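Working notes, structure below.
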Amino acid sequence: MVKLNKIYTRTGDAGTTGLSTGERRPKHDLRVAAYGTVDETNATIGLVRLHTGADPGLAGLDAMLARVQNDLFDLGADLCTPGNDTDLEWEPLRIVGSQVARLEAEIDTLNADLEPLRSFVLPGGTPAAAHLHLARTVSRRAERLMVELSMTDGEDVGPDALKYINRLSDFLFVASRWANGKGEHEVLWVAGQNR
């Protein structure tokens, strides 16, 4: 259970932050950057939900996004707890395969309403779709950081965490198409159009 009585602690004034294990790391540390960018992804999804929550036609998508936001806190907790689970005195919160499977099922549900793409989509369209594209690009940055972290000596990232963040950008892309009138309002890229 999380209990936050005091928001400022002054413990980070020297440029470090604490992981869930108690270890202190520089605020520019790759692990901190990875879970910070996951948090940024979550915040951009919060912007999306300003639009999906206000539109009854997007209620199903809004519920999916609410689940994703909760998962992203799980992912942040996962990334904030480095090390082998058997080395810890408690069971850390980790992303699990069922979260990945749910995201895949939701991608399939949304994608079933869409025509196949014949070109790349330009980010934009409805306000919800435009914000979904922003969330997608931020999630891709989080993924790049997580992959780099996973390839760094002495660091680890769980395989389900990597799968989840990879599927998330796919979900956000499909969701953006769906939020654009199930593809009717999207603008397709025309290669070399302005030469």
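By convention in this document, the chains of the structure tokens carry letters A, B, ... by their order, each chain's residues are numbered from 1, and ligands are numbered from 1 in the order they are shown.
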Might you pull out every residue within 10 Å of range 85-101 of chain A, with only C-alpha atoms counted and same-chain residues fewer than 2 positions away left off, and present them as a CSV table (one decimal) with all heavy atoms, in the first residue's frame?
```
chain,number,residue,atom,x,y,z
A,20,SER,N,13.2,1.4,-5.6
A,20,SER,CA,12.3,0.7,-4.6
A,20,SER,C,13.2,-0.1,-3.6
A,20,SER,O,12.8,-0.5,-2.5
A,20,SER,CB,11.3,-0.1,-5.2
A,20,SER,OG,11.9,-1.2,-6.0
A,21,THR,N,14.4,-0.5,-4.1
A,21,THR,CA,15.3,-1.3,-3.3
A,21,THR,C,16.0,-0.4,-2.2
A,21,THR,O,16.8,-1.0,-1.4
A,21,THR,CB,16.3,-2.0,-4.2
A,21,THR,OG1,17.0,-1.0,-4.9
A,21,THR,CG2,15.6,-3.0,-5.1
A,67,ARG,N,-7.2,1.1,-18.3
A,67,ARG,CA,-6.5,-0.1,-17.9
A,67,ARG,C,-5.0,0.1,-18.2
A,67,ARG,O,-4.1,-0.3,-17.5
A,67,ARG,CB,-7.0,-1.3,-18.6
A,67,ARG,CG,-8.4,-1.7,-18.0
A,67,ARG,CD,-8.9,-3.1,-18.6
A,67,ARG,NE,-9.3,-3.0,-20.0
A,67,ARG,CZ,-10.5,-2.7,-20.4
A,67,ARG,NH1,-11.4,-2.4,-19.5
A,67,ARG,NH2,-10.8,-2.7,-21.7
A,68,VAL,N,-4.7,0.7,-19.4
A,68,VAL,CA,-3.3,0.9,-19.8
A,68,VAL,C,-2.6,1.9,-18.8
A,68,VAL,O,-1.5,1.6,-18.4
A,68,VAL,CB,-3.2,1.5,-21.2
A,68,VAL,CG1,-1.8,2.1,-21.5
A,68,VAL,CG2,-3.6,0.5,-22.2
A,71,ASP,N,-1.6,-0.1,-15.9
A,71,ASP,CA,-0.5,-1.0,-16.2
A,71,ASP,C,0.8,-0.2,-16.3
A,71,ASP,O,1.8,-0.8,-15.9
A,71,ASP,CB,-0.7,-1.6,-17.6
A,71,ASP,CG,-1.8,-2.7,-17.7
A,71,ASP,OD1,-2.2,-3.2,-16.6
A,71,ASP,OD2,-2.1,-3.1,-18.8
A,72,LEU,N,0.7,1.0,-16.7
A,72,LEU,CA,2.0,1.8,-16.8
A,72,LEU,C,2.5,2.1,-15.4
A,72,LEU,O,3.7,2.2,-15.3
A,72,LEU,CB,1.7,3.1,-17.6
A,72,LEU,CG,1.5,2.8,-19.1
A,72,LEU,CD1,1.2,4.1,-19.9
A,72,LEU,CD2,2.8,2.2,-19.7
A,73,PHE,N,1.7,2.2,-14.4
A,73,PHE,CA,2.2,2.4,-13.0
A,73,PHE,C,2.8,1.1,-12.6
A,73,PHE,O,3.9,1.1,-12.0
A,73,PHE,CB,1.1,2.8,-12.1
A,73,PHE,CG,1.1,4.3,-11.8
A,73,PHE,CD1,0.4,5.2,-12.6
A,73,PHE,CD2,1.9,4.8,-10.7
A,73,PHE,CE1,0.4,6.5,-12.3
A,73,PHE,CE2,1.9,6.1,-10.5
A,73,PHE,CZ,1.2,7.0,-11.3
A,74,ASP,N,2.2,-0.1,-13.0
A,74,ASP,CA,2.9,-1.4,-12.7
A,74,ASP,C,4.2,-1.4,-13.4
A,74,ASP,O,5.2,-1.9,-12.8
A,74,ASP,CB,2.0,-2.5,-13.3
A,74,ASP,CG,0.7,-2.7,-12.5
A,74,ASP,OD1,0.5,-2.1,-11.5
A,74,ASP,OD2,-0.1,-3.6,-12.9
A,75,LEU,N,4.3,-1.0,-14.7
A,75,LEU,CA,5.6,-1.0,-15.4
A,75,LEU,C,6.6,-0.1,-14.7
A,75,LEU,O,7.8,-0.5,-14.6
A,75,LEU,CB,5.3,-0.6,-16.9
A,75,LEU,CG,6.6,-0.6,-17.8
A,75,LEU,CD1,7.3,-1.9,-17.8
A,75,LEU,CD2,6.2,-0.2,-19.2
A,76,GLY,N,6.2,1.0,-14.3
A,76,GLY,CA,7.1,1.9,-13.6
A,76,GLY,C,7.7,1.3,-12.3
A,76,GLY,O,8.8,1.3,-12.0
A,77,ALA,N,6.8,0.6,-11.6
A,77,ALA,CA,7.2,-0.1,-10.4
A,77,ALA,C,8.2,-1.2,-10.7
A,77,ALA,O,9.1,-1.5,-10.0
A,77,ALA,CB,6.0,-0.7,-9.6
A,78,ASP,N,7.9,-1.9,-11.8
A,78,ASP,CA,8.7,-3.0,-12.3
A,78,ASP,C,10.1,-2.5,-12.6
A,78,ASP,O,11.1,-3.0,-12.1
A,78,ASP,CB,8.1,-3.6,-13.6
A,78,ASP,CG,8.8,-4.9,-14.1
A,78,ASP,OD1,10.1,-5.0,-14.0
A,78,ASP,OD2,8.1,-5.7,-14.7
A,79,LEU,N,10.2,-1.4,-13.4
A,79,LEU,CA,11.5,-0.8,-13.7
A,79,LEU,C,12.2,-0.2,-12.5
A,79,LEU,O,13.5,-0.1,-12.5
A,79,LEU,CB,11.3,0.2,-14.8
A,79,LEU,CG,10.9,-0.3,-16.2
A,79,LEU,CD1,10.5,0.9,-17.1
A,79,LEU,CD2,12.0,-1.1,-16.8
A,80,CYS,N,11.5,0.2,-11.5
A,80,CYS,CA,12.1,0.9,-10.3
A,80,CYS,C,12.7,-0.2,-9.4
A,80,CYS,O,13.3,0.2,-8.4
A,80,CYS,CB,11.0,1.7,-9.6
A,80,CYS,SG,11.6,2.7,-8.3
A,81,THR,N,12.5,-1.4,-9.7
A,81,THR,CA,12.9,-2.5,-8.8
A,81,THR,C,13.9,-3.4,-9.6
A,81,THR,O,13.5,-4.4,-10.2
A,81,THR,CB,11.8,-3.4,-8.3
A,81,THR,OG1,10.8,-2.5,-7.8
A,81,THR,CG2,12.2,-4.3,-7.2
A,82,PRO,N,15.2,-3.0,-9.7
A,82,PRO,CA,16.2,-3.8,-10.4
A,82,PRO,C,16.5,-5.0,-9.6
A,82,PRO,O,16.3,-5.1,-8.4
A,82,PRO,CB,17.3,-2.9,-10.6
A,82,PRO,CG,17.3,-2.0,-9.4
A,82,PRO,CD,15.8,-1.8,-9.1
A,83,GLY,N,17.1,-6.0,-10.3
A,83,GLY,CA,17.7,-7.1,-9.6
A,83,GLY,C,16.9,-8.4,-9.9
A,83,GLY,O,15.8,-8.3,-10.4
A,103,LEU,N,-3.6,-6.6,-23.8
A,103,LEU,CA,-3.4,-5.5,-24.8
A,103,LEU,C,-3.5,-6.0,-26.2
A,103,LEU,O,-4.1,-5.3,-27.1
A,103,LEU,CB,-2.0,-5.0,-24.5
A,103,LEU,CG,-1.7,-3.6,-25.0
A,103,LEU,CD1,-2.7,-2.5,-24.5
A,103,LEU,CD2,-0.3,-3.1,-24.5
A,104,GLU,N,-3.0,-7.2,-26.5
A,104,GLU,CA,-3.1,-7.8,-27.8
A,104,GLU,C,-4.6,-8.0,-28.2
A,104,GLU,O,-5.0,-7.7,-29.4
A,104,GLU,CB,-2.3,-9.1,-27.9
A,104,GLU,CG,-0.8,-8.9,-27.9
A,104,GLU,CD,-0.1,-10.2,-27.8
A,104,GLU,OE1,-0.7,-11.3,-27.6
A,104,GLU,OE2,1.2,-10.2,-28.0
A,105,ALA,N,-5.4,-8.5,-27.3
A,105,ALA,CA,-6.8,-8.7,-27.6
A,105,ALA,C,-7.5,-7.4,-27.8
A,105,ALA,O,-8.4,-7.3,-28.7
A,105,ALA,CB,-7.4,-9.4,-26.4
A,106,GLU,N,-7.1,-6.3,-27.1
A,106,GLU,CA,-7.7,-5.0,-27.4
A,106,GLU,C,-7.3,-4.4,-28.7
A,106,GLU,O,-8.1,-3.8,-29.4
A,106,GLU,CB,-7.4,-4.1,-26.2
A,106,GLU,CG,-8.2,-4.6,-24.9
A,106,GLU,CD,-7.9,-3.7,-23.7
A,106,GLU,OE1,-6.9,-3.0,-23.6
A,106,GLU,OE2,-8.7,-3.9,-22.7
A,107,ILE,N,-6.1,-4.7,-29.1
A,107,ILE,CA,-5.6,-4.3,-30.4
A,107,ILE,C,-6.5,-5.0,-31.5
A,107,ILE,O,-7.0,-4.3,-32.4
A,107,ILE,CB,-4.1,-4.6,-30.7
A,107,ILE,CG1,-3.2,-3.7,-29.8
A,107,ILE,CG2,-3.7,-4.5,-32.1
A,107,ILE,CD1,-1.8,-4.2,-29.7
A,157,VAL,N,15.8,-6.1,-17.4
A,157,VAL,CA,14.4,-5.7,-17.7
A,157,VAL,C,13.7,-7.0,-18.1
A,157,VAL,O,14.1,-7.8,-18.9
A,157,VAL,CB,14.3,-4.7,-18.9
A,157,VAL,CG1,12.8,-4.4,-19.2
A,157,VAL,CG2,15.1,-3.4,-18.6
A,158,GLY,N,12.5,-7.2,-17.4
A,158,GLY,CA,11.8,-8.5,-17.7
A,158,GLY,C,11.3,-8.6,-19.1
A,158,GLY,O,10.9,-7.6,-19.7
A,159,PRO,N,11.3,-9.8,-19.6
A,159,PRO,CA,10.8,-10.0,-21.0
A,159,PRO,C,9.3,-9.5,-21.2
A,159,PRO,O,9.0,-9.0,-22.2
A,159,PRO,CB,11.0,-11.5,-21.2
A,159,PRO,CG,11.1,-12.1,-19.9
A,159,PRO,CD,11.6,-11.1,-19.0
A,160,ASP,N,8.5,-9.7,-20.2
A,160,ASP,CA,7.1,-9.3,-20.4
A,160,ASP,C,7.0,-7.8,-20.3
A,160,ASP,O,6.1,-7.2,-21.0
A,160,ASP,CB,6.2,-9.9,-19.3
A,160,ASP,CG,5.9,-11.4,-19.5
A,160,ASP,OD1,5.8,-11.8,-20.7
A,160,ASP,OD2,5.8,-12.1,-18.5
A,161,ALA,N,7.9,-7.1,-19.6
A,161,ALA,CA,7.9,-5.6,-19.6
A,161,ALA,C,8.3,-5.1,-21.0
A,161,ALA,O,7.6,-4.2,-21.5
A,161,ALA,CB,8.9,-5.1,-18.6
A,162,LEU,N,9.2,-5.8,-21.6
A,162,LEU,CA,9.6,-5.4,-23.0
A,162,LEU,C,8.5,-5.7,-24.0
A,162,LEU,O,8.3,-4.8,-24.9
A,162,LEU,CB,10.9,-6.1,-23.4
A,162,LEU,CG,12.2,-5.6,-22.7
A,162,LEU,CD1,13.4,-6.5,-23.0
A,162,LEU,CD2,12.5,-4.2,-23.1
A,163,LYS,N,7.9,-6.8,-23.9
A,163,LYS,CA,6.7,-7.1,-24.8
A,163,LYS,C,5.6,-6.1,-24.6
A,163,LYS,O,5.0,-5.6,-25.6
A,163,LYS,CB,6.2,-8.5,-24.5
A,163,LYS,CG,7.1,-9.6,-24.9
A,163,LYS,CD,6.6,-11.0,-24.5
A,163,LYS,CE,7.6,-12.1,-24.7
A,163,LYS,NZ,7.1,-13.4,-24.2
A,164,TYR,N,5.3,-5.8,-23.3
A,164,TYR,CA,4.2,-4.8,-23.1
A,164,TYR,C,4.5,-3.5,-23.7
A,164,TYR,O,3.6,-2.9,-24.4
A,164,TYR,CB,4.0,-4.7,-21.6
A,164,TYR,CG,2.8,-3.8,-21.3
A,164,TYR,CD1,1.5,-4.5,-21.1
A,164,TYR,CD2,2.8,-2.5,-21.2
A,164,TYR,CE1,0.4,-3.7,-20.9
A,164,TYR,CE2,1.7,-1.7,-21.0
A,164,TYR,CZ,0.4,-2.3,-20.9
A,164,TYR,OH,-0.7,-1.6,-20.7
A,165,ILE,N,5.7,-2.9,-23.5
A,165,ILE,CA,5.9,-1.6,-24.1
A,165,ILE,C,5.9,-1.6,-25.6
A,165,ILE,O,5.5,-0.7,-26.3
A,165,ILE,CB,7.2,-1.0,-23.5
A,165,ILE,CG1,7.3,0.6,-23.7
A,165,ILE,CG2,8.5,-1.6,-24.0
A,165,ILE,CD1,6.2,1.4,-23.0
A,166,ASN,N,6.4,-2.7,-26.2
A,166,ASN,CA,6.3,-2.9,-27.6
A,166,ASN,C,4.9,-2.9,-28.1
A,166,ASN,O,4.5,-2.3,-29.1
A,166,ASN,CB,7.1,-4.1,-28.1
A,166,ASN,CG,7.2,-4.2,-29.6
A,166,ASN,OD1,7.4,-3.2,-30.3
A,166,ASN,ND2,7.2,-5.4,-30.1
A,167,ARG,N,4.0,-3.7,-27.5
A,167,ARG,CA,2.6,-3.8,-27.9
A,167,ARG,C,1.9,-2.5,-27.6
A,167,ARG,O,1.0,-2.2,-28.4
A,167,ARG,CB,1.9,-4.9,-27.1
A,167,ARG,CG,2.3,-6.3,-27.3
A,167,ARG,CD,2.2,-6.8,-28.7
A,167,ARG,NE,2.6,-8.2,-28.7
A,167,ARG,CZ,3.9,-8.6,-28.6
A,167,ARG,NH1,4.9,-7.7,-28.4
A,167,ARG,NH2,4.2,-9.9,-28.5
A,168,LEU,N,2.3,-1.7,-26.6
A,168,LEU,CA,1.6,-0.5,-26.3
A,168,LEU,C,1.6,0.5,-27.5
A,168,LEU,O,0.6,1.1,-27.8
A,168,LEU,CB,2.2,0.2,-25.1
A,168,LEU,CG,1.5,1.5,-24.6
A,168,LEU,CD1,0.0,1.2,-24.4
A,168,LEU,CD2,2.2,2.1,-23.4
```
* Shell around Arg177 in chain A at 12 Å using only C-alpha atoms, local window under 6 positions removed, as JSON, numbers by chain -> {"A": [61, 107, 110, 111, 112, 113, 114, 115, 116, 117, 120, 121, 122, 123, 124, 125, 126, 127, 128, 129, 130, 131, 132, 133, 136, 170, 171, 183, 184, 185, 186, 187, 188]}
Output file for the residues above (C-alpha atoms, as a PDB file, in the first residue's frame):
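Listing of selection12.pdb after writing:
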```pdb
ATOM      1  CA  LEU A  61     -11.636   3.030 -25.798  1.00  0.00           C
ATOM      2  CA  ILE A 107      -5.613  -4.268 -30.436  1.00  0.00           C
ATOM      3  CA  LEU A 110     -10.139  -2.179 -32.388  1.00  0.00           C
ATOM      4  CA  ASN A 111      -8.422  -3.355 -35.558  1.00  0.00           C
ATOM      5  CA  ALA A 112     -11.451  -5.468 -36.549  1.00  0.00           C
ATOM      6  CA  ASP A 113     -13.328  -2.210 -37.298  1.00  0.00           C
ATOM      7  CA  LEU A 114     -10.580  -0.792 -39.540  1.00  0.00           C
ATOM      8  CA  GLU A 115      -9.805  -1.148 -43.226  1.00  0.00           C
ATOM      9  CA  PRO A 116      -6.246  -2.252 -44.053  1.00  0.00           C
ATOM     10  CA  LEU A 117      -3.809   0.621 -44.519  1.00  0.00           C
ATOM     11  CA  PHE A 120       1.381   5.583 -43.643  1.00  0.00           C
ATOM     12  CA  VAL A 121      -0.899   7.774 -41.529  1.00  0.00           C
ATOM     13  CA  LEU A 122       0.006  11.374 -40.734  1.00  0.00           C
ATOM     14  CA  PRO A 123      -0.452  12.086 -37.009  1.00  0.00           C
ATOM     15  CA  GLY A 124      -3.563  14.150 -36.416  1.00  0.00           C
ATOM     16  CA  GLY A 125      -7.257  14.062 -37.132  1.00  0.00           C
ATOM     17  CA  THR A 126      -9.574  14.262 -34.157  1.00  0.00           C
ATOM     18  CA  PRO A 127      -8.213  15.620 -30.856  1.00  0.00           C
ATOM     19  CA  ALA A 128      -8.266  12.111 -29.346  1.00  0.00           C
ATOM     20  CA  ALA A 129      -6.407  10.644 -32.321  1.00  0.00           C
ATOM     21  CA  ALA A 130      -3.794  13.418 -32.333  1.00  0.00           C
ATOM     22  CA  HIS A 131      -3.078  12.869 -28.633  1.00  0.00           C
ATOM     23  CA  LEU A 132      -2.944   9.094 -29.174  1.00  0.00           C
ATOM     24  CA  HIS A 133      -0.225   9.662 -31.785  1.00  0.00           C
ATOM     25  CA  ARG A 136       2.537   6.471 -29.256  1.00  0.00           C
ATOM     26  CA  ASP A 170       0.922  -0.780 -31.574  1.00  0.00           C
ATOM     27  CA  PHE A 171      -2.197  -0.390 -29.433  1.00  0.00           C
ATOM     28  CA  GLY A 183     -10.199   5.452 -40.145  1.00  0.00           C
ATOM     29  CA  GLU A 184     -12.569   7.810 -41.967  1.00  0.00           C
ATOM     30  CA  HIS A 185     -10.897  11.023 -40.743  1.00  0.00           C
ATOM     31  CA  GLU A 186      -7.256  10.017 -40.987  1.00  0.00           C
ATOM     32  CA  VAL A 187      -4.902  11.693 -43.417  1.00  0.00           C
ATOM     33  CA  LEU A 188      -2.606   9.418 -45.362  1.00  0.00           C
TER      34      LEU A 188
END
```
* Asked: Could you pull out the alpha helix (DSSP H) residues of range 4-169 of chain A from DSSP and send them as a ChimeraX atom specification?
  -> /A:30-52,59-79,97-111,127-150,159-169
* Contacts of Thr152 in chain A within 12 Å, only C-alpha atoms, excl. fewer than 5 positions in-chain, as a PyMOL selection string -> chain A and resi 29-31+145-147+157
Go ahead and save the residues from that selection, with N, CA and C atoms, as a tab-separated table (two decimals), in the first residue's frame.
```
chain	number	residue	atom	x	y	z
A	29	ASP	N	20.31	8.65	-14.62
A	29	ASP	CA	20.56	7.22	-14.81
A	29	ASP	C	19.60	6.64	-15.85
A	30	LEU	N	20.06	5.69	-16.63
A	30	LEU	CA	19.25	5.11	-17.69
A	30	LEU	C	17.98	4.45	-17.15
A	31	ARG	N	18.06	3.78	-16.02
A	31	ARG	CA	16.86	3.16	-15.44
A	31	ARG	C	15.84	4.23	-15.04
A	145	LEU	N	14.55	3.28	-24.54
A	145	LEU	CA	15.31	3.37	-23.30
A	145	LEU	C	15.31	2.02	-22.56
A	146	MET	N	14.15	1.36	-22.55
A	146	MET	CA	14.06	0.06	-21.87
A	146	MET	C	14.93	-0.99	-22.57
A	147	VAL	N	14.95	-0.98	-23.89
A	147	VAL	CA	15.79	-1.93	-24.63
A	147	VAL	C	17.26	-1.64	-24.35
A	157	VAL	N	15.77	-6.11	-17.44
A	157	VAL	CA	14.39	-5.71	-17.70
A	157	VAL	C	13.67	-7.00	-18.05
```
* Asked: Expressed in Å to a single decimal, how great is the separation between CA of Ser169 in chain A and CA of Ala135 in chain A?
  -> 8.0 Å
* Structure fact -> Between A:Ala142, A:Leu65, A:Ala14, A:Leu134, smallest distance to Gly36 in chain A by only C-alpha atoms belongs to A:Ala142
* Can you work out which one of A:Val190, A:Leu149, A:Ala66, A:Ala179 has the shortest atom-to-atom distance to Gly46 in chain A, counting only C-alpha atoms? =>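 Among A:Val190, A:Leu149, A:Ala66, A:Ala179, it is A:Ala66 that comes nearest to Gly46 in chain A.
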